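**Student:** Have a look at this one.
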Amino acid sequence: MGLSSSRLLYLACTILLAVLALVPDAPACRWLDLCLAPTRVLGELSSPIGWLQRGGVRAAERTLQDAAAAEHGQSRELADDERLFALPDEDALIQGRRFVHAQVLQRFPDAPDRIECALEEDAAADLEPGQPVVLSNSYVGRVYSVDRTARRVTVHLVTDKDFRVGARVFPADGPAASAASEPGQAAASNTEPAATLAPTGSVAMVVGGLAATRAGGTPLAVHNPDRQGGVGELSGIARVDEGLNPRAPFQGQSTGFRLGTLSVDEHGRASVIPEIDFAEGLFRVVVVLEPKPGVGPAHDEPDVFAAAHWRESRVFGAFEPAASREGLKIDYPLGAGSRERCAVVAGARLVGFIARAGPLHSDVALLGDRGTTVPAQASVEGVVEPLVLGRLVSLGREAPGAKLRFLWSPQPSQALAGSAKESGADSAAAGLAARLFTGAGELGVPRGLVIGETRLPSGPGPHVIEVEESVDPRLLRRLWVWRGEDAVLRGSERAP
């Protein structure tokens with residue numbers, strides 16, 4: 001009877017734990033955390049074992065301290081380059097316009113085609129719904145709403161199924177494939193219809209939403225082309241042209257920005273292939289306004305590495321007993337402000353994220369923990385413009401202490417050009433040297449944290465890249481958790 005009872009108890013516990021694993025946010029999980037809270041003392045009792053690694057810990061902390069100042073400077077230089085290359089470089093898109101930078105904070109879970117952004121200058125009073133939003137020469141969408149108190153703006157992306165914008169496709173060899181035909185039309189007032197871009201051979205259409213295609217990336221849908229029988233064999237660049245709609249606001253500011261390249265499949269279905277990664281690569285955008293006398297370029301980005309934005313925590317144990325997992329436990333509980341997915345750093349280096357905030361401690365998933373994801377960009381050797389990588393997925397390490405391995409699936413606009421030999425099996429060794437940094441777009445993950453050094457292979461991918469860390473994060477005994485400004489960390493839970 002005793003054996004049978006123990007088996008029954010074992011089976012009941014197994015079923016209970018399996019159910020809790022499938023619904024990790026259930027109240028029962030929080031009660032289980034509280035019941036197991038006394039086991040925290042075991043971690044504290046085992047902390048003296050770390051004294052055996054005192055030499056390695058001191059060496060790792062000294063390495064990080066020596067590199068911190070230089071890496072902080074590199075992060076700030078990257079931010080300056082981001083701002084520079086976020087602006088358009090075509091003369092017809094620059095003249096008669098004013099540009100306001102905004103850093104992407106998050107996507108809304110209930111509205112993935114809207115993004116919340118923080119303005120980098122005090123220009124909220126000049127913003128209005130409907131103003132165009134761009135990234136370099138590419139059209140991104142429109143301002144949806146403005147929170148002037150918090151200096152936030154919500155952007156409605158062109159990928160949304162309800163979004164529509166007038167466009168015109170210019171033949172690849174046509175005279176107007178470059179930009180607006182008249183520089184002066186870019187300065188047209190938003191109260192007057194902008195001149196239409198209508199050179200001979202171009203086709204007017206409406207673009208918006210995602211196309212129903214198996215093609216990768218985020219191809220945009222084409223609606224109502226004005227050519228009889230559709231777009232046929234036409235190829236070229238699609239640019240915004242709302243001159244055919246006299247009620248469209250801010251025509252002068254949006255005209256001429258690029259939507260992408262027209263593509264027609266074997267069934268005659270047309271789509272527009274954008275030059276930016278709408279899914280994972282929007283870290284920064286620019287709002288286009290009418291020029292304002294006496295107002296020049298400015299930015300007011302908070303210092304990511306300011307001490308006030310971080311909370312020091314002490315490591316007292318391992319995250320998981322399994323050898324295949326990589327994680328740590330830190331003395332930063334939920335009640336003190338710990339939040340899941342907040343970045344955890346040592347010096348200027350990202351080491352992981354809060355995986356679970358408990359009542360007495362938090363679990364940190366290190367970058368070597370399989371399945372951990374991070375928005376990333378790269379500073380490539382010999383290239384000034386930062387390269388947006390999108391979201392990297394950790395594949396762990398081949399052996400303890402080995403390099404980090406990430407899966408990188410570049411969009412066509414992100415892939416590095418190279419020879420066929422370079423894109424083969426030895427591409428990792430033949431690729432370009434680069435330093436990886438975090439991108440923006442996720443609450444709790446500030447841009448510009450150093451991830452590590454790698455060589456980026458050429459070709460369309462997907463690629464497995466190996467990243468070198470300066471120290472083994474499992475040796476560290478002090479870490480810092482991002483807490484940022486309270487308002488920034490909270491963000492908005494739902495789309496407006």
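Scheme for the structure tokens: letters A, B, ... for chains in order shown; per-chain residue numbers from 1; ligand numbers from 1 in order shown.
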Give me, as a Markdown table, each residue of region 363-415 of chain A that comes within 12 Å of region 86-89 of chain A, together with its shortest interatomic pair and the distance in Å at one decimal, counting only C-alpha atoms, with rows ordered by chain and rising residue number.

**Tutor:**
```
| residue | atom | partner | partner_atom | distance |
| --- | --- | --- | --- | --- |
| A:Glu385 | CA | A:Ala86 | CA | 9.6 |
| A:Pro386 | CA | A:Ala86 | CA | 10.1 |
| A:Leu387 | CA | A:Ala86 | CA | 11.8 |
| A:Val388 | CA | A:Ala86 | CA | 11.7 |
```

**Student:** Report as a PDB file with all heavy atoms, in the first residue's frame: the residues of region 95-318 of chain A with a DSSP assignment of alpha helix (DSSP H), based on the backbone of this structure.

**Tutor:**
```
ATOM      1  N   GLN A 251       0.729  65.491 -48.499  1.00  0.00           N
ATOM      2  CA  GLN A 251       1.212  64.936 -49.760  1.00  0.00           C
ATOM      3  C   GLN A 251       2.641  65.383 -50.062  1.00  0.00           C
ATOM      4  O   GLN A 251       3.468  64.593 -50.512  1.00  0.00           O
ATOM      5  CB  GLN A 251       0.295  65.373 -50.902  1.00  0.00           C
ATOM      6  CG  GLN A 251      -1.115  64.837 -50.808  1.00  0.00           C
ATOM      7  CD  GLN A 251      -1.976  65.350 -51.958  1.00  0.00           C
ATOM      8  OE1 GLN A 251      -1.482  65.550 -53.059  1.00  0.00           O
ATOM      9  NE2 GLN A 251      -3.250  65.572 -51.697  1.00  0.00           N
ATOM     10  N   GLY A 252       2.923  66.652 -49.801  1.00  0.00           N
ATOM     11  CA  GLY A 252       4.238  67.173 -50.127  1.00  0.00           C
ATOM     12  C   GLY A 252       5.357  66.516 -49.348  1.00  0.00           C
ATOM     13  O   GLY A 252       6.472  66.390 -49.844  1.00  0.00           O
ATOM     14  N   GLN A 253       5.058  66.085 -48.118  1.00  0.00           N
ATOM     15  CA  GLN A 253       6.107  65.450 -47.307  1.00  0.00           C
ATOM     16  C   GLN A 253       6.336  63.981 -47.685  1.00  0.00           C
ATOM     17  O   GLN A 253       7.415  63.446 -47.467  1.00  0.00           O
ATOM     18  CB  GLN A 253       5.744  65.538 -45.818  1.00  0.00           C
ATOM     19  CG  GLN A 253       6.017  66.896 -45.185  1.00  0.00           C
ATOM     20  CD  GLN A 253       5.047  67.948 -45.669  1.00  0.00           C
ATOM     21  OE1 GLN A 253       3.840  67.769 -45.568  1.00  0.00           O
ATOM     22  NE2 GLN A 253       5.561  69.029 -46.203  1.00  0.00           N
ATOM     23  N   SER A 254       5.324  63.299 -48.215  1.00  0.00           N
ATOM     24  CA  SER A 254       5.457  61.864 -48.477  1.00  0.00           C
ATOM     25  C   SER A 254       5.842  61.538 -49.910  1.00  0.00           C
ATOM     26  O   SER A 254       6.392  60.471 -50.181  1.00  0.00           O
ATOM     27  CB  SER A 254       4.138  61.148 -48.150  1.00  0.00           C
ATOM     28  OG  SER A 254       3.077  61.645 -48.956  1.00  0.00           O
TER      29      SER A 254
END
```

**Student:** Looking at only C-alpha atoms, which of A:Arg107, A:Arg447, A:Arg478, A:Arg370 is the one that sits closest to Thr154 (chain A)?

**Tutor:** A:Arg107

**Student:** Hey, which bits of region 335-407 of chain A sit within 10 Å of region 259-279 of chain A, and for each residue what's the closest pair of atoms and how far apart in Å (one decimal), counting only C-alpha atoms, rows by chain and increasing number, as CSV?

**Tutor:**
```
residue,atom,partner,partner_atom,distance
A:Val388,CA,A:Asp277,CA,8.6
A:Leu389,CA,A:Asp277,CA,9.2
A:Gly390,CA,A:Asp277,CA,7.7
A:Arg391,CA,A:Ala279,CA,9.3
```

**Student:** Just N, CA and C atoms for this one: save the residues we selected as an mmCIF file, in the first residue's frame.

**Tutor:**
```cif
data_model
loop_
_atom_site.group_PDB
_atom_site.id
_atom_site.type_symbol
_atom_site.label_atom_id
_atom_site.label_comp_id
_atom_site.auth_asym_id
_atom_site.auth_seq_id
_atom_site.Cartn_x
_atom_site.Cartn_y
_atom_site.Cartn_z
ATOM 1 N N VAL A 388 21.741 46.331 -40.029
ATOM 2 C CA VAL A 388 20.665 45.764 -39.219
ATOM 3 C C VAL A 388 20.605 44.261 -39.475
ATOM 4 N N LEU A 389 20.744 43.463 -38.430
ATOM 5 C CA LEU A 389 20.704 42.016 -38.555
ATOM 6 C C LEU A 389 19.324 41.445 -38.267
ATOM 7 N N GLY A 390 18.492 42.195 -37.547
ATOM 8 C CA GLY A 390 17.198 41.661 -37.141
ATOM 9 C C GLY A 390 17.334 40.893 -35.836
ATOM 10 N N ARG A 391 16.606 39.802 -35.716
ATOM 11 C CA ARG A 391 16.598 39.031 -34.469
ATOM 12 C C ARG A 391 17.477 37.791 -34.608
#
```

**Student:** Using DSSP on the backbone, list every residue of region 302-398 of chain A that comes out as strand (DSSP E or B), and give them as an MDAnalysis selection string.

**Tutor:** chainID A and resid 310:318 327:330 343:346 349:357 362:366 373:380 387:396

**Student:** With the cut-off set at 9 Å and counting only C-alpha atoms, tabulate each residue of region 50-149 of chain A with an atom at most that distance from an atom of region 338-353 of chain A, showing the nearest atom pair and its distance in Å to one decimal, ordered by chain and increasing number, as a Markdown table.

**Tutor:**
```
| residue | atom | partner | partner_atom | distance |
| --- | --- | --- | --- | --- |
| A:Glu61 | CA | A:Ala346 | CA | 8.2 |
| A:Leu64 | CA | A:Gly347 | CA | 5.6 |
| A:Gln65 | CA | A:Gly347 | CA | 6.3 |
| A:Ala67 | CA | A:Gly347 | CA | 8.0 |
| A:Ala68 | CA | A:Gly347 | CA | 5.5 |
| A:Ala69 | CA | A:Ala348 | CA | 8.3 |
| A:Glu71 | CA | A:Ala348 | CA | 6.3 |
| A:His72 | CA | A:Ala348 | CA | 6.3 |
| A:Ser75 | CA | A:Ala348 | CA | 8.8 |
```

**Student:** Any chance you can output those residues with all heavy atoms as a PDB file, in the first residue's frame?

**Tutor:**
```pdb
ATOM      1  N   GLU A  61      36.339  40.347 -14.257  1.00  0.00           N
ATOM      2  CA  GLU A  61      35.861  41.689 -13.916  1.00  0.00           C
ATOM      3  C   GLU A  61      36.866  42.759 -14.328  1.00  0.00           C
ATOM      4  O   GLU A  61      36.476  43.843 -14.775  1.00  0.00           O
ATOM      5  CB  GLU A  61      35.576  41.762 -12.420  1.00  0.00           C
ATOM      6  CG  GLU A  61      34.370  40.920 -11.994  1.00  0.00           C
ATOM      7  CD  GLU A  61      34.131  40.975 -10.510  1.00  0.00           C
ATOM      8  OE1 GLU A  61      35.048  41.399  -9.771  1.00  0.00           O
ATOM      9  OE2 GLU A  61      33.025  40.580 -10.063  1.00  0.00           O
ATOM     10  N   LEU A  64      36.544  43.348 -18.133  1.00  0.00           N
ATOM     11  CA  LEU A  64      35.373  44.158 -18.458  1.00  0.00           C
ATOM     12  C   LEU A  64      35.577  45.616 -18.094  1.00  0.00           C
ATOM     13  O   LEU A  64      35.200  46.525 -18.837  1.00  0.00           O
ATOM     14  CB  LEU A  64      34.144  43.613 -17.733  1.00  0.00           C
ATOM     15  CG  LEU A  64      33.619  42.258 -18.221  1.00  0.00           C
ATOM     16  CD1 LEU A  64      32.555  41.733 -17.272  1.00  0.00           C
ATOM     17  CD2 LEU A  64      33.050  42.386 -19.622  1.00  0.00           C
ATOM     18  N   GLN A  65      36.189  45.856 -16.937  1.00  0.00           N
ATOM     19  CA  GLN A  65      36.413  47.225 -16.486  1.00  0.00           C
ATOM     20  C   GLN A  65      37.360  47.960 -17.420  1.00  0.00           C
ATOM     21  O   GLN A  65      37.139  49.133 -17.745  1.00  0.00           O
ATOM     22  CB  GLN A  65      36.967  47.214 -15.069  1.00  0.00           C
ATOM     23  CG  GLN A  65      37.152  48.599 -14.467  1.00  0.00           C
ATOM     24  CD  GLN A  65      37.631  48.536 -13.019  1.00  0.00           C
ATOM     25  OE1 GLN A  65      37.858  47.455 -12.480  1.00  0.00           O
ATOM     26  NE2 GLN A  65      37.795  49.689 -12.399  1.00  0.00           N
ATOM     27  N   ALA A  67      37.815  47.456 -20.576  1.00  0.00           N
ATOM     28  CA  ALA A  67      37.232  47.675 -21.906  1.00  0.00           C
ATOM     29  C   ALA A  67      36.003  48.570 -21.873  1.00  0.00           C
ATOM     30  O   ALA A  67      35.532  49.008 -22.930  1.00  0.00           O
ATOM     31  CB  ALA A  67      36.867  46.329 -22.528  1.00  0.00           C
ATOM     32  N   ALA A  68      35.461  48.848 -20.676  1.00  0.00           N
ATOM     33  CA  ALA A  68      34.164  49.530 -20.581  1.00  0.00           C
ATOM     34  C   ALA A  68      34.168  50.899 -21.249  1.00  0.00           C
ATOM     35  O   ALA A  68      33.275  51.227 -22.034  1.00  0.00           O
ATOM     36  CB  ALA A  68      33.745  49.661 -19.123  1.00  0.00           C
ATOM     37  N   ALA A  69      35.178  51.728 -20.963  1.00  0.00           N
ATOM     38  CA  ALA A  69      35.191  53.083 -21.506  1.00  0.00           C
ATOM     39  C   ALA A  69      35.225  53.076 -23.031  1.00  0.00           C
ATOM     40  O   ALA A  69      34.484  53.822 -23.694  1.00  0.00           O
ATOM     41  CB  ALA A  69      36.375  53.857 -20.947  1.00  0.00           C
ATOM     42  N   GLU A  71      34.241  50.649 -25.059  1.00  0.00           N
ATOM     43  CA  GLU A  71      33.008  50.096 -25.607  1.00  0.00           C
ATOM     44  C   GLU A  71      31.838  51.057 -25.451  1.00  0.00           C
ATOM     45  O   GLU A  71      30.945  51.096 -26.305  1.00  0.00           O
ATOM     46  CB  GLU A  71      32.720  48.746 -24.956  1.00  0.00           C
ATOM     47  CG  GLU A  71      33.713  47.684 -25.372  1.00  0.00           C
ATOM     48  CD  GLU A  71      33.500  46.342 -24.686  1.00  0.00           C
ATOM     49  OE1 GLU A  71      32.794  46.308 -23.656  1.00  0.00           O
ATOM     50  OE2 GLU A  71      34.054  45.340 -25.171  1.00  0.00           O
ATOM     51  N   HIS A  72      31.824  51.850 -24.386  1.00  0.00           N
ATOM     52  CA  HIS A  72      30.806  52.899 -24.257  1.00  0.00           C
ATOM     53  C   HIS A  72      30.937  53.892 -25.414  1.00  0.00           C
ATOM     54  O   HIS A  72      29.932  54.295 -26.015  1.00  0.00           O
ATOM     55  CB  HIS A  72      30.970  53.648 -22.932  1.00  0.00           C
ATOM     56  CG  HIS A  72      30.569  52.828 -21.744  1.00  0.00           C
ATOM     57  ND1 HIS A  72      30.657  53.316 -20.454  1.00  0.00           N
ATOM     58  CD2 HIS A  72      30.074  51.572 -21.638  1.00  0.00           C
ATOM     59  CE1 HIS A  72      30.251  52.386 -19.607  1.00  0.00           C
ATOM     60  NE2 HIS A  72      29.892  51.326 -20.304  1.00  0.00           N
ATOM     61  N   SER A  75      29.642  52.436 -28.668  1.00  0.00           N
ATOM     62  CA  SER A  75      28.182  52.420 -28.692  1.00  0.00           C
ATOM     63  C   SER A  75      27.627  53.789 -29.065  1.00  0.00           C
ATOM     64  O   SER A  75      26.668  53.895 -29.850  1.00  0.00           O
ATOM     65  CB  SER A  75      27.643  51.986 -27.322  1.00  0.00           C
ATOM     66  OG  SER A  75      26.232  52.059 -27.290  1.00  0.00           O
TER      67      SER A  75
END
```

**Student:** State, in Å with one decimal place, the distance from CA of Glu242 (chain A) to CA of Ala211 (chain A).

**Tutor:**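 Computing it gives 20.6 Å between the two atoms.
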
**Student:** Please identify all polymer residues within 8 Å of region 402-418 of chain A, counting only C-alpha atoms, omitting same-chain residues fewer than 2 positions from it, and present them as a count of residues only.

**Tutor:** 38

**Student:** Which of these, A:Gly401, A:Gly317, A:Pro249, A:Gly444, has the shortest distance to Ser362 (chain A) once you count only C-alpha atoms?

**Tutor:**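 Of A:Gly401, A:Gly317, A:Pro249, A:Gly444, the one nearest Ser362 (chain A) is A:Gly317, counting only C-alpha atoms.
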
**Student:** Give me the residues within 8 Å of Arg435 (chain A) as a PyMOL selection string, counting only C-alpha atoms and dropping any in the same chain fewer than 3 places off.

**Tutor:** chain A and resi 378-380+450-454

**Student:** Just C-alpha atoms for this one: save the residues we selected as an mmCIF file, in the first residue's frame.

**Tutor:**
```
data_model
loop_
_atom_site.group_PDB
_atom_site.id
_atom_site.type_symbol
_atom_site.label_atom_id
_atom_site.label_comp_id
_atom_site.auth_asym_id
_atom_site.auth_seq_id
_atom_site.Cartn_x
_atom_site.Cartn_y
_atom_site.Cartn_z
ATOM 1 C CA ALA A 378 26.484 45.215 -36.506
ATOM 2 C CA SER A 379 29.337 47.625 -36.939
ATOM 3 C CA VAL A 380 31.146 46.035 -39.874
ATOM 4 C CA VAL A 450 27.868 45.054 -26.904
ATOM 5 C CA ILE A 451 27.106 41.412 -27.772
ATOM 6 C CA GLY A 452 30.501 40.328 -29.075
ATOM 7 C CA GLU A 453 32.797 39.988 -32.074
ATOM 8 C CA THR A 454 32.167 37.808 -35.115
#
```

**Student:** For Ile330 (chain A), which of A:Val481, A:Leu8, A:Ala18, A:Val206 is the closest residue, counting only C-alpha atoms?

**Tutor:**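 For Ile330 (chain A), the nearest of the given residues is A:Val481.
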